[in-house]
$ cat start26.txt   # compact mmCIF, C-alpha atoms and all ligand atoms
# COMPACT_ATOMS: atom_id res chain seq x y z
CA MET A 1 114.47 -86.28 13.45
CA SER A 2 114.92 -88.93 16.13
CA ASP A 3 111.93 -90.74 17.55
CA PRO A 4 110.39 -89.53 20.78
CA TYR A 5 110.87 -91.90 23.72
CA PHE A 6 107.20 -92.94 23.43
CA GLN A 7 107.48 -94.14 19.80
CA LYS A 8 107.79 -97.71 21.07
CA LEU A 9 104.72 -97.26 23.23
CA PHE A 10 102.12 -96.81 20.47
CA ALA A 11 99.57 -99.61 20.49
CA ASP A 12 99.77 -102.31 17.83
CA ARG A 13 96.27 -101.40 16.66
CA ILE A 14 97.60 -98.19 15.13
CA GLY A 15 100.93 -99.59 13.96
CA GLY A 16 102.88 -100.01 17.21
CA ALA A 17 106.46 -98.69 17.09
CA ASN A 18 105.99 -98.03 13.34
CA TYR A 19 103.12 -95.64 13.91
CA GLY A 20 103.44 -92.53 11.69
CA LYS A 21 106.23 -94.02 9.60
CA GLY A 22 104.24 -95.61 6.78
CA THR A 23 104.12 -94.00 3.37
CA ALA A 24 100.73 -95.37 2.33
CA ILE A 25 98.25 -92.54 1.92
CA TYR A 26 94.67 -92.96 3.00
CA LYS A 27 92.33 -92.87 -0.02
CA PHE A 28 90.46 -89.74 1.01
CA GLU A 29 93.71 -87.89 1.78
CA LYS A 30 94.95 -88.78 -1.71
CA ILE A 31 91.79 -87.30 -3.19
CA LYS A 32 92.18 -84.12 -1.13
CA ARG A 33 95.77 -83.70 -2.31
CA ALA A 34 94.81 -84.29 -5.95
CA LYS A 35 92.02 -81.72 -5.57
CA ARG A 36 94.43 -79.13 -4.18
CA LYS A 37 96.80 -79.80 -7.06
CA ALA A 38 94.03 -79.50 -9.66
CA LEU A 39 92.95 -76.17 -8.19
CA ALA A 40 96.54 -74.90 -8.13
CA ASP A 41 97.42 -76.12 -11.66
CA HIS A 42 94.13 -75.10 -13.28
CA PRO A 43 92.66 -72.13 -11.43
CA GLU A 44 90.65 -71.25 -14.56
CA ARG A 45 88.85 -74.62 -14.58
CA LYS A 46 85.84 -75.15 -12.32
CA LEU A 47 86.26 -78.17 -10.04
CA LEU A 48 83.31 -80.50 -10.61
CA ASP A 49 83.17 -82.00 -7.17
CA PHE A 50 81.31 -85.32 -6.99
CA GLY A 51 83.66 -86.53 -4.31
CA ILE A 52 82.15 -84.97 -1.22
CA GLY A 53 79.95 -87.24 0.86
CA GLU A 54 78.42 -84.38 2.82
CA ASN A 55 75.15 -82.57 2.27
CA ASP A 56 75.53 -79.27 0.47
CA ALA A 57 72.68 -77.54 2.36
CA MET A 58 72.53 -76.11 5.86
CA ALA A 59 70.21 -77.61 8.47
CA PRO A 60 66.54 -76.58 8.02
CA GLU A 61 65.71 -73.07 9.16
CA ILE A 62 63.30 -74.19 11.87
CA VAL A 63 66.03 -76.35 13.39
CA ARG A 64 68.55 -73.51 13.31
CA ARG A 65 66.03 -71.07 14.74
CA ARG A 66 65.28 -73.42 17.63
CA MET A 67 68.99 -73.84 18.24
CA ALA A 68 69.39 -70.05 18.51
CA GLU A 69 66.84 -70.14 21.34
CA GLU A 70 67.97 -73.30 23.10
CA ILE A 71 71.59 -72.28 23.24
CA ASN A 72 70.68 -69.48 25.67
CA ARG A 73 68.64 -71.64 28.04
CA PRO A 74 70.50 -72.40 31.29
CA GLU A 75 68.74 -75.72 31.73
CA ASN A 76 70.51 -77.06 28.62
CA ARG A 77 74.00 -76.44 29.92
CA GLY A 78 74.87 -79.73 31.62
CA TYR A 79 75.89 -83.23 30.63
CA ALA A 80 73.15 -84.96 28.65
CA ASP A 81 74.53 -88.44 29.38
CA ASN A 82 72.10 -90.92 27.80
CA GLY A 83 69.09 -88.62 28.11
CA PRO A 84 67.01 -86.53 28.09
CA PRO A 85 63.79 -88.48 27.38
CA ALA A 86 62.35 -85.84 25.02
CA PHE A 87 64.69 -86.77 22.14
CA LYS A 88 63.95 -90.48 22.51
CA GLU A 89 60.23 -89.74 22.50
CA ALA A 90 60.59 -87.71 19.29
CA VAL A 91 62.55 -90.59 17.72
CA ALA A 92 59.73 -92.98 18.68
CA ARG A 93 57.20 -90.68 16.99
CA PHE A 94 59.44 -90.44 13.90
CA MET A 95 60.01 -94.20 13.64
CA GLN A 96 56.28 -94.83 13.89
CA ARG A 97 55.33 -92.11 11.43
CA GLU A 98 57.99 -92.86 8.79
CA TYR A 99 58.30 -96.64 9.05
CA GLY A 100 55.45 -97.92 11.21
CA VAL A 101 57.94 -99.18 13.80
CA VAL A 102 56.73 -99.07 17.41
CA LEU A 103 59.49 -98.53 19.98
CA ASP A 104 59.54 -97.92 23.71
CA PRO A 105 61.45 -94.63 23.98
CA ALA A 106 62.77 -95.41 27.46
CA SER A 107 64.29 -98.79 26.73
CA GLU A 108 64.57 -99.29 22.97
CA ILE A 109 66.13 -96.00 21.84
CA ASN A 110 69.36 -94.20 22.77
CA HIS A 111 70.86 -91.17 21.08
CA CYS A 112 74.44 -91.06 19.75
CA ILE A 113 76.76 -88.26 18.72
CA GLY A 114 76.32 -89.14 15.06
CA SER A 115 75.87 -92.69 13.82
CA LYS A 116 79.63 -93.06 13.25
CA THR A 117 80.22 -93.12 16.99
CA ALA A 118 77.51 -95.73 17.50
CA LEU A 119 79.01 -97.95 14.81
CA ALA A 120 82.36 -97.52 16.55
CA MET A 121 81.01 -98.42 19.99
CA LEU A 122 78.70 -101.34 19.21
CA PRO A 123 81.56 -103.82 18.56
CA ALA A 124 82.80 -103.07 22.09
CA CYS A 125 79.52 -104.57 23.37
CA PHE A 126 80.24 -107.95 21.75
CA ILE A 127 83.74 -108.50 20.41
CA ASN A 128 86.33 -110.37 22.44
CA PRO A 129 89.70 -111.24 20.90
CA GLY A 130 89.23 -113.79 18.11
CA ASP A 131 85.55 -113.03 17.53
CA VAL A 132 84.39 -112.28 13.99
CA THR A 133 82.36 -109.41 12.52
CA LEU A 134 80.90 -109.92 9.05
CA MET A 135 81.22 -106.70 7.06
CA THR A 136 80.07 -105.95 3.53
CA VAL A 137 82.63 -104.43 1.14
CA PRO A 138 82.75 -101.86 -0.27
CA GLY A 139 81.28 -100.13 2.73
CA TYR A 140 81.55 -97.83 5.70
CA PRO A 141 84.41 -99.44 7.60
CA VAL A 142 84.08 -98.05 11.14
CA ALA A 143 82.57 -101.10 12.88
CA GLY A 144 85.23 -103.27 11.25
CA THR A 145 88.09 -101.05 12.42
CA GLN A 146 86.76 -101.15 15.95
CA THR A 147 86.35 -104.92 15.75
CA THR A 148 90.06 -105.25 15.04
CA TYR A 149 90.88 -102.72 17.78
CA SER A 150 89.18 -105.15 20.18
CA GLY A 151 91.27 -108.05 18.89
CA GLY A 152 88.50 -109.33 16.66
CA ILE A 153 88.57 -110.34 13.00
CA VAL A 154 86.68 -108.89 10.04
CA TYR A 155 85.31 -111.32 7.48
CA LYS A 156 84.45 -109.50 4.27
CA LEU A 157 81.33 -110.14 2.24
CA PRO A 158 81.74 -108.63 -1.24
CA LEU A 159 78.88 -106.67 -2.77
CA THR A 160 78.98 -107.15 -6.52
CA ALA A 161 76.67 -106.51 -9.43
CA GLU A 162 76.39 -110.31 -9.79
CA ASN A 163 74.95 -110.69 -6.29
CA GLU A 164 72.88 -107.51 -6.75
CA PHE A 165 74.89 -105.80 -4.01
CA LEU A 166 73.45 -108.11 -1.34
CA PRO A 167 75.85 -110.23 0.73
CA ASP A 168 75.89 -113.97 0.05
CA LEU A 169 75.30 -115.09 3.63
CA ASP A 170 75.51 -118.77 2.66
CA SER A 171 79.10 -118.25 1.49
CA VAL A 172 80.47 -117.80 5.02
CA PRO A 173 82.51 -120.92 5.92
CA ALA A 174 81.36 -122.94 8.94
CA ASP A 175 84.55 -122.29 10.94
CA VAL A 176 84.11 -118.53 10.47
CA LEU A 177 80.44 -118.75 11.41
CA GLN A 178 81.35 -120.45 14.64
CA LYS A 179 83.36 -117.43 15.70
CA THR A 180 80.98 -114.82 14.27
CA LYS A 181 79.15 -112.52 16.65
CA LEU A 182 78.17 -109.57 14.45
CA LEU A 183 76.75 -109.01 10.99
CA VAL A 184 76.91 -105.38 9.93
CA LEU A 185 74.47 -104.44 7.18
CA CYS A 186 73.94 -101.05 5.58
CA TYR A 187 70.80 -100.36 3.57
CA PRO A 188 70.23 -98.15 1.67
CA ASN A 189 73.79 -99.15 0.94
CA SER A 190 76.71 -96.79 0.82
CA PRO A 191 78.34 -96.66 -1.67
CA THR A 192 76.43 -99.03 -4.00
CA GLY A 193 73.02 -97.34 -3.62
CA LYS A 194 71.22 -100.69 -3.25
CA THR A 195 68.14 -100.85 -1.03
CA ALA A 196 67.09 -103.97 0.86
CA SER A 197 63.78 -105.76 0.39
CA PRO A 198 61.80 -107.17 3.31
CA GLU A 199 62.68 -110.64 1.91
CA PHE A 200 66.39 -109.94 2.23
CA TYR A 201 65.95 -108.73 5.80
CA LYS A 202 63.91 -111.89 6.57
CA ARG A 203 66.75 -114.05 5.26
CA ALA A 204 69.28 -112.09 7.33
CA ILE A 205 67.18 -112.51 10.48
CA GLU A 206 66.85 -116.27 9.93
CA PHE A 207 70.62 -116.45 9.36
CA ALA A 208 71.28 -114.50 12.56
CA LYS A 209 68.96 -116.69 14.63
CA LYS A 210 70.33 -119.92 13.21
CA ASN A 211 73.94 -118.94 13.86
CA ASP A 212 73.61 -116.90 17.09
CA ILE A 213 74.64 -113.64 15.45
CA VAL A 214 73.63 -110.06 16.24
CA ILE A 215 72.68 -107.76 13.35
CA ILE A 216 73.67 -104.11 13.28
CA GLN A 217 71.83 -102.41 10.44
CA ASP A 218 73.36 -99.06 9.48
CA ALA A 219 70.42 -96.91 8.37
CA ALA A 220 72.31 -93.62 7.99
CA HIS A 221 70.74 -93.12 4.55
CA ALA A 222 67.34 -94.63 5.47
CA THR A 223 65.02 -91.92 4.24
CA LEU A 224 66.90 -91.53 0.94
CA SER A 225 65.14 -94.42 -0.78
CA TYR A 226 63.86 -94.09 -4.34
CA ASP A 227 63.02 -97.53 -5.68
CA ARG A 228 60.84 -98.44 -2.70
CA PRO A 229 59.26 -96.47 0.14
CA PRO A 230 61.87 -95.88 2.87
CA ASN A 231 61.84 -98.99 5.04
CA SER A 232 63.29 -100.11 8.34
CA PHE A 233 64.80 -103.46 9.19
CA LEU A 234 62.79 -103.26 12.42
CA THR A 235 59.49 -103.66 10.57
CA ILE A 236 60.39 -107.29 9.89
CA PRO A 237 59.05 -109.77 12.46
CA GLY A 238 61.92 -111.05 14.58
CA ALA A 239 64.26 -108.12 13.85
CA LYS A 240 64.04 -106.83 17.39
CA ASP A 241 65.09 -110.27 18.66
CA VAL A 242 68.36 -110.18 16.76
CA GLY A 243 69.59 -106.64 16.53
CA VAL A 244 69.50 -102.89 16.35
CA GLU A 245 69.27 -100.24 13.68
CA VAL A 246 71.51 -97.18 13.70
CA HIS A 247 70.02 -93.94 12.38
CA SER A 248 71.45 -90.53 11.60
CA MET A 249 70.13 -87.02 11.17
CA SER A 250 73.15 -86.10 9.03
CA LYS A 251 71.77 -86.99 5.62
CA ALA A 252 67.98 -86.60 5.61
CA PHE A 253 67.99 -83.49 7.80
CA ASP A 254 71.12 -81.80 6.42
CA MET A 255 72.56 -81.96 9.95
CA ILE A 256 75.97 -83.45 9.11
CA GLY A 257 77.98 -81.29 11.48
CA TRP A 258 75.47 -81.30 14.32
CA ARG A 259 76.36 -84.88 15.27
CA ILE A 260 73.12 -86.52 16.23
CA GLY A 261 71.63 -89.93 15.57
CA TRP A 262 70.25 -92.90 17.47
CA VAL A 263 70.44 -96.63 18.07
CA CYS A 264 67.12 -98.46 18.33
CA GLY A 265 65.79 -101.98 18.50
CA ASN A 266 66.55 -104.78 20.92
CA GLU A 267 66.28 -103.49 24.47
CA ARG A 268 69.24 -105.47 25.85
CA ILE A 269 71.54 -104.36 23.02
CA VAL A 270 70.42 -100.74 23.33
CA ARG A 271 71.22 -100.93 27.04
CA ALA A 272 74.67 -102.41 26.38
CA PHE A 273 75.32 -99.66 23.85
CA ALA A 274 74.26 -97.00 26.37
CA ASP A 275 76.57 -98.53 29.00
CA VAL A 276 79.56 -98.54 26.65
CA LYS A 277 78.71 -95.06 25.39
CA ASP A 278 78.61 -93.78 28.96
CA ASN A 279 82.31 -94.60 29.11
CA TYR A 280 83.15 -92.69 25.92
CA ASP A 281 81.08 -89.52 26.01
CA SER A 282 78.64 -87.58 28.14
CA GLY A 283 75.92 -87.19 25.53
CA GLN A 284 75.15 -84.66 22.85
CA PHE A 285 74.51 -81.01 23.87
CA ILE A 286 70.88 -80.83 25.01
CA ALA A 287 70.29 -77.72 22.88
CA ILE A 288 71.18 -79.80 19.80
CA GLN A 289 68.90 -82.63 20.91
CA LYS A 290 66.00 -80.23 21.43
CA SER A 291 66.57 -78.60 18.02
CA ALA A 292 66.74 -82.04 16.42
CA ILE A 293 63.29 -82.80 17.86
CA VAL A 294 61.83 -79.94 15.81
CA GLY A 295 63.31 -81.56 12.72
CA LEU A 296 62.07 -85.04 13.57
CA ASP A 297 58.54 -83.76 14.07
CA ASP A 298 58.43 -82.08 10.65
CA PRO A 299 57.49 -84.74 8.06
CA GLU A 300 58.30 -82.36 5.20
CA ILE A 301 62.05 -82.26 5.82
CA PRO A 302 63.12 -85.82 4.93
CA HIS A 303 60.71 -85.82 2.00
CA ARG A 304 62.17 -82.57 0.68
CA THR A 305 65.73 -83.89 0.97
CA ARG A 306 64.76 -87.11 -0.76
CA ALA A 307 63.11 -85.28 -3.66
CA LYS A 308 66.17 -83.07 -4.12
CA TYR A 309 68.70 -85.88 -4.25
CA GLN A 310 66.43 -88.03 -6.42
CA ARG A 311 66.20 -85.19 -8.94
CA ARG A 312 69.96 -84.65 -8.89
CA LEU A 313 70.75 -88.35 -9.22
CA GLU A 314 68.37 -88.73 -12.17
CA LYS A 315 70.19 -85.90 -13.95
CA LEU A 316 73.57 -87.40 -13.10
CA VAL A 317 72.61 -90.86 -14.36
CA ALA A 318 71.32 -89.44 -17.65
CA THR A 319 74.47 -87.35 -18.08
CA LEU A 320 76.86 -90.22 -17.41
CA GLN A 321 74.85 -92.60 -19.60
CA ARG A 322 75.21 -90.15 -22.49
CA CYS A 323 78.97 -90.35 -21.93
CA GLY A 324 78.94 -94.15 -22.16
CA PHE A 325 78.81 -95.08 -18.47
CA GLN A 326 76.84 -98.26 -17.74
CA CYS A 327 74.97 -96.91 -14.77
CA LYS A 328 71.40 -96.80 -13.57
CA MET A 329 69.45 -94.87 -11.01
CA PRO A 330 70.52 -96.01 -7.51
CA GLY A 331 67.82 -97.40 -5.25
CA GLY A 332 68.81 -95.07 -2.45
CA THR A 333 71.49 -92.84 -0.81
CA TYR A 334 72.89 -89.76 -2.52
CA PHE A 335 75.61 -91.76 -4.26
CA LEU A 336 75.85 -93.12 -7.77
CA TYR A 337 78.15 -96.14 -7.98
CA ALA A 338 79.24 -96.65 -11.56
CA PRO A 339 81.76 -99.02 -13.21
CA ALA A 340 85.00 -97.09 -13.70
CA PRO A 341 86.26 -96.41 -17.23
CA ARG A 342 89.19 -98.59 -18.27
CA ALA A 343 90.56 -95.92 -20.58
CA PHE A 344 89.99 -92.51 -22.11
CA ALA A 345 90.61 -92.81 -25.85
CA ASN A 346 91.33 -89.08 -26.14
CA GLY A 347 92.61 -88.39 -22.64
CA GLY A 348 96.38 -88.10 -23.06
CA PRO A 349 98.58 -85.36 -24.52
CA GLY A 350 97.79 -84.68 -28.18
CA GLY A 351 94.67 -86.80 -28.08
CA THR A 352 96.43 -90.02 -27.09
CA ARG A 353 94.90 -92.84 -25.14
CA VAL A 354 95.27 -93.34 -21.39
CA ASP A 355 94.58 -96.69 -19.73
CA PHE A 356 93.86 -97.43 -16.08
CA GLU A 357 94.62 -100.53 -14.09
CA ASN A 358 91.96 -99.77 -11.50
CA ALA A 359 89.33 -97.28 -10.33
CA GLU A 360 91.82 -95.39 -8.19
CA ALA A 361 93.99 -94.61 -11.23
CA ALA A 362 90.94 -93.47 -13.23
CA SER A 363 89.79 -91.29 -10.35
CA GLN A 364 93.24 -89.71 -9.91
CA TYR A 365 93.34 -88.93 -13.64
CA LEU A 366 89.87 -87.38 -13.56
CA ILE A 367 90.77 -85.09 -10.67
CA THR A 368 94.22 -84.00 -11.77
CA GLU A 369 93.65 -83.79 -15.54
CA GLN A 370 89.94 -82.94 -15.79
CA SER A 371 89.13 -81.40 -12.39
CA ILE A 372 86.34 -83.95 -11.93
CA CYS A 373 86.40 -85.33 -8.42
CA THR A 374 85.04 -88.82 -7.67
CA VAL A 375 85.75 -91.47 -5.04
CA PRO A 376 87.21 -94.77 -6.33
CA TRP A 377 86.34 -98.22 -4.96
CA ASP A 378 88.39 -101.26 -5.90
CA ASP A 379 87.23 -103.61 -3.14
CA ALA A 380 84.83 -105.63 -5.29
CA GLY A 381 85.31 -104.55 -8.90
CA ALA A 382 86.46 -101.14 -10.16
CA PHE A 383 83.84 -98.47 -9.48
CA LEU A 384 83.63 -94.72 -9.13
CA ARG A 385 81.31 -93.10 -6.65
CA PHE A 386 79.69 -89.86 -7.80
CA SER A 387 77.96 -87.94 -5.03
CA ALA A 388 74.93 -85.77 -5.77
CA THR A 389 75.89 -83.45 -2.92
CA TYR A 390 77.82 -81.11 -5.24
CA GLU A 391 77.25 -77.40 -4.73
CA ALA A 392 74.69 -75.74 -6.99
CA ASP A 393 72.44 -72.82 -6.06
CA ASN A 394 69.37 -73.96 -7.96
CA GLU A 395 68.17 -76.29 -10.68
CA ALA A 396 69.67 -74.12 -13.41
CA GLY A 397 73.00 -74.43 -11.57
CA GLU A 398 72.59 -78.21 -11.46
CA ASP A 399 71.87 -78.29 -15.21
CA ALA A 400 74.89 -76.14 -15.98
CA LEU A 401 77.09 -78.44 -13.91
CA MET A 402 75.74 -81.48 -15.71
CA ALA A 403 76.36 -79.87 -19.12
CA GLU A 404 79.96 -79.08 -18.15
CA THR A 405 80.48 -82.64 -16.87
CA GLU A 406 79.11 -84.09 -20.09
CA GLN A 407 81.30 -81.89 -22.25
CA ARG A 408 84.49 -82.74 -20.36
CA LEU A 409 83.80 -86.47 -20.30
CA LYS A 410 82.70 -86.75 -23.94
CA ASN A 411 85.81 -84.86 -24.96
CA ILE A 412 88.11 -87.54 -23.53
CA GLN A 413 86.01 -90.47 -24.79
CA PRO A 414 85.58 -92.91 -21.90
CA GLU A 415 85.94 -96.63 -22.65
CA PHE A 416 84.69 -99.46 -20.44
C1 LIG H 1 76.90 -95.64 5.52
C2 LIG H 1 77.21 -94.60 6.54
N1 LIG H 1 77.02 -94.87 7.83
C3 LIG H 1 77.27 -93.98 8.78
C4 LIG H 1 77.78 -92.73 8.46
C5 LIG H 1 78.08 -91.77 9.57
O1 LIG H 1 77.20 -90.70 9.57
P1 LIG H 1 77.03 -89.75 10.82
O2 LIG H 1 78.11 -90.09 11.80
O3 LIG H 1 77.17 -88.38 10.28
O4 LIG H 1 75.68 -90.04 11.38
C6 LIG H 1 78.00 -92.40 7.13
C7 LIG H 1 78.54 -91.10 6.76
O5 LIG H 1 78.99 -90.82 5.70
C8 LIG H 1 77.69 -93.35 6.14
O6 LIG H 1 77.85 -93.09 4.84
$ encode --input "start26.txt" --output "structure tokens"
Amino acid sequence: MSDPYFQKLFADRIGGANYGKGTAIYKFEKIKRAKRKALADHPERKLLDFGIGENDAMAPEIVRRRMAEEINRPENRGYADNGPPAFKEAVARFMQREYGVVLDPASEINHCIGSKTALAMLPACFINPGDVTLMTVPGYPVAGTQTTYSGGIVYKLPLTAENEFLPDLDSVPADVLQKTKLLVLCYPNSPTGKTASPEFYKRAIEFAKKNDIVIIQDAAHATLSYDRPPNSFLTIPGAKDVGVEVHSMSKAFDMIGWRIGWVCGNERIVRAFADVKDNYDSGQFIAIQKSAIVGLDDPEIPHRTRAKYQRRLEKLVATLQRCGFQCKMPGGTYFLYAPAPRAFANGGPGGTRVDFENAEAASQYLITEQSICTVPWDDAGAFLRFSATYEADNEAGEDALMAETEQRLKNIQPEF
């Protein structure tokens, strides 16, 4: 098929004239294809799906019930833009109740259509061509992609077991620091599960002040914290002088598809975000915002979600440990980040050995040959991410799934 006349018009940021011609497959697409193949080749074998990074439960009933009412109210029909105030006020109540953070709802909070969109828009507030964003890897890459879309440069800070999954801020070379405008943090960290201590945040704030850098702290998993009470970067003195925190209702409130979150913190940065956002969208449906308020005002919901994923992760850790995995309970998130096996001693045909050069190869094998879905990370060491968001109706269902996982993994004899 010949190219359309506009092939040469595609912007360089998405590949220019070569757009759509590459053969490289995006990691998550590869996983989806392998999953489809496993289901087609082995319809008799249950897919043990630890790959999904989406909550398995529907939004809380009180939120859904409120939505059923709000959707019929004519006053909710219009553009929300950066309002209405009621959602911001509920966020202020939530931030105070959960974290002890005091915010002015009018000037220090703005909603977003999911935290992904906020992470995509914030670089547009700061990045000119040639400017640098410091991003931790492995990690959620959206702010980095948008940095490069604006002509900026991403400088990667590896998160490794050796540095306890905290970025080594002192390792950034002076010439990079000179061009750096943004430091993107994410705690509780996805995918490593690390949580941040107040001391780490203090160090990051000092670093930001010393080097004229703005901090964007991605708190999408904030309430899912197990090794310390859920905390906010904004509780640390000076945080509001250097940055903002981005929150989401996707994880703690099981509201993944509803698309609602917020940016809060420094007034000037929140205002810049709202100005940029005004040029991308016209705000989330007011009925959704009003339903979200019901969720925010119910302290039980995030606590319930946390208890559920803590329980599931504890079971998962124990199961994988019994199979030889060197893993421990994550500090937060609903992900378990475990070193990938280097081989399965009994994984090949006729009980032969299969070796893997990286996590991606191990993950592909597990999906296609064992119907066990995980997400591989090879950015800083070879790791597999197991998500506790698998589908199970009740605790007995969780236990059965764990037993099946253990049996399949022990059978192929993982080696590390
Ligand atoms: C670390 C992190 N940040 C942000 C997001 C985006 O979440 P949402 O756009 O649903 O608020 C995700 C979603 O998986 C995530 O894992």
$ closest_residue --input "start26.txt" --among "A:Arg73, A:Arg322, A:Arg97, A:Arg64" --to "Phe253 (chain A)" --atoms "all atoms listed in the file"
A:Arg64
$ residues_around --input "start26.txt" --residues "region 133-143 of chain A" --least-positions-apart "2" --cutoff "10 Å" --atoms "all atoms listed in the file" --output "PyMOL selection string"
chain A and resi 116-124+126-127+130-131+145-149+152-160+165-169+172+176-177+179-186+189-192+213-216+218+377-381+383
$ closest_residue --input "start26.txt" --among "A:Cys112, A:Ala80, A:Ala68, A:Ile62" --to "ligand LIG 1 (chain H)" --atoms "all atoms listed in the file"
A:Cys112
$ closest_residue --input "start26.txt" --among "A:Ser107, A:Asn231, A:Asn211, A:Thr389" --to "ligand LIG 1 (chain H)" --atoms "all atoms listed in the file"
A:Thr389
$ axis_aligned_box --input "start26.txt" --around "ligand LIG 1 (chain H)" --padding-each-side "3 Å" --output "AutoDock Vina command-line options"
--center_x 77.3 --center_y -92.0 --center_z 8.3 --size_x 9.3 --size_y 13.3 --size_z 13.0
$ atom_distance --input "start26.txt" --atom1 "CA of Gln96 (chain A)" --atom2 "CA of Thr235 (chain A)"
10.0 Å
$ residues_around --input "start26.txt" --residues "region 225-228 of chain A" --least-positions-apart "6" --cutoff "12 Å" --atoms "all atoms listed in the file" --output "PyMOL selection string"
chain A and resi 187-190+193-198+219+251-252+302-303+305-311+313-314+328-335
$ build_atoms --input "start26.txt" --residues "region 233-246 of chain A" --atoms "N, CA and C atoms" --output "mmCIF file, in the coordinates of the input"
data_model
loop_
_atom_site.group_PDB
_atom_site.id
_atom_site.type_symbol
_atom_site.label_atom_id
_atom_site.label_comp_id
_atom_site.auth_asym_id
_atom_site.auth_seq_id
_atom_site.Cartn_x
_atom_site.Cartn_y
_atom_site.Cartn_z
ATOM 1 N N PHE A 233 64.554 -102.065 8.839
ATOM 2 C CA PHE A 233 64.800 -103.460 9.190
ATOM 3 C C PHE A 233 63.875 -103.885 10.342
ATOM 4 N N LEU A 234 63.565 -102.929 11.217
ATOM 5 C CA LEU A 234 62.790 -103.260 12.420
ATOM 6 C C LEU A 234 61.312 -103.543 12.131
ATOM 7 N N THR A 235 60.879 -103.315 10.885
ATOM 8 C CA THR A 235 59.490 -103.660 10.570
ATOM 9 C C THR A 235 59.335 -105.173 10.375
ATOM 10 N N ILE A 236 60.457 -105.861 10.195
ATOM 11 C CA ILE A 236 60.390 -107.290 9.890
ATOM 12 C C ILE A 236 60.226 -108.083 11.188
ATOM 13 N N PRO A 237 59.237 -108.996 11.229
ATOM 14 C CA PRO A 237 59.050 -109.770 12.460
ATOM 15 C C PRO A 237 60.346 -110.480 12.845
ATOM 16 N N GLY A 238 60.697 -110.393 14.101
ATOM 17 C CA GLY A 238 61.920 -111.050 14.580
ATOM 18 C C GLY A 238 63.135 -110.147 14.614
ATOM 19 N N ALA A 239 63.069 -108.994 13.913
ATOM 20 C CA ALA A 239 64.260 -108.120 13.850
ATOM 21 C C ALA A 239 64.695 -107.683 15.246
ATOM 22 N N LYS A 240 63.706 -107.329 16.050
ATOM 23 C CA LYS A 240 64.040 -106.830 17.390
ATOM 24 C C LYS A 240 64.660 -107.921 18.269
ATOM 25 N N ASP A 241 64.480 -109.177 17.877
ATOM 26 C CA ASP A 241 65.090 -110.270 18.660
ATOM 27 C C ASP A 241 66.567 -110.425 18.343
ATOM 28 N N VAL A 242 66.974 -109.893 17.184
ATOM 29 C CA VAL A 242 68.360 -110.180 16.760
ATOM 30 C C VAL A 242 69.246 -108.943 16.634
ATOM 31 N N GLY A 243 68.676 -107.751 16.764
ATOM 32 C CA GLY A 243 69.590 -106.640 16.530
ATOM 33 C C GLY A 243 69.039 -105.252 16.746
ATOM 34 N N VAL A 244 69.842 -104.313 16.224
ATOM 35 C CA VAL A 244 69.500 -102.890 16.350
ATOM 36 C C VAL A 244 69.705 -102.216 14.996
ATOM 37 N N GLU A 245 69.079 -101.064 14.868
ATOM 38 C CA GLU A 245 69.270 -100.240 13.680
ATOM 39 C C GLU A 245 69.867 -98.917 14.140
ATOM 40 N N VAL A 246 70.825 -98.419 13.344
ATOM 41 C CA VAL A 246 71.510 -97.180 13.700
ATOM 42 C C VAL A 246 71.081 -96.095 12.709
#
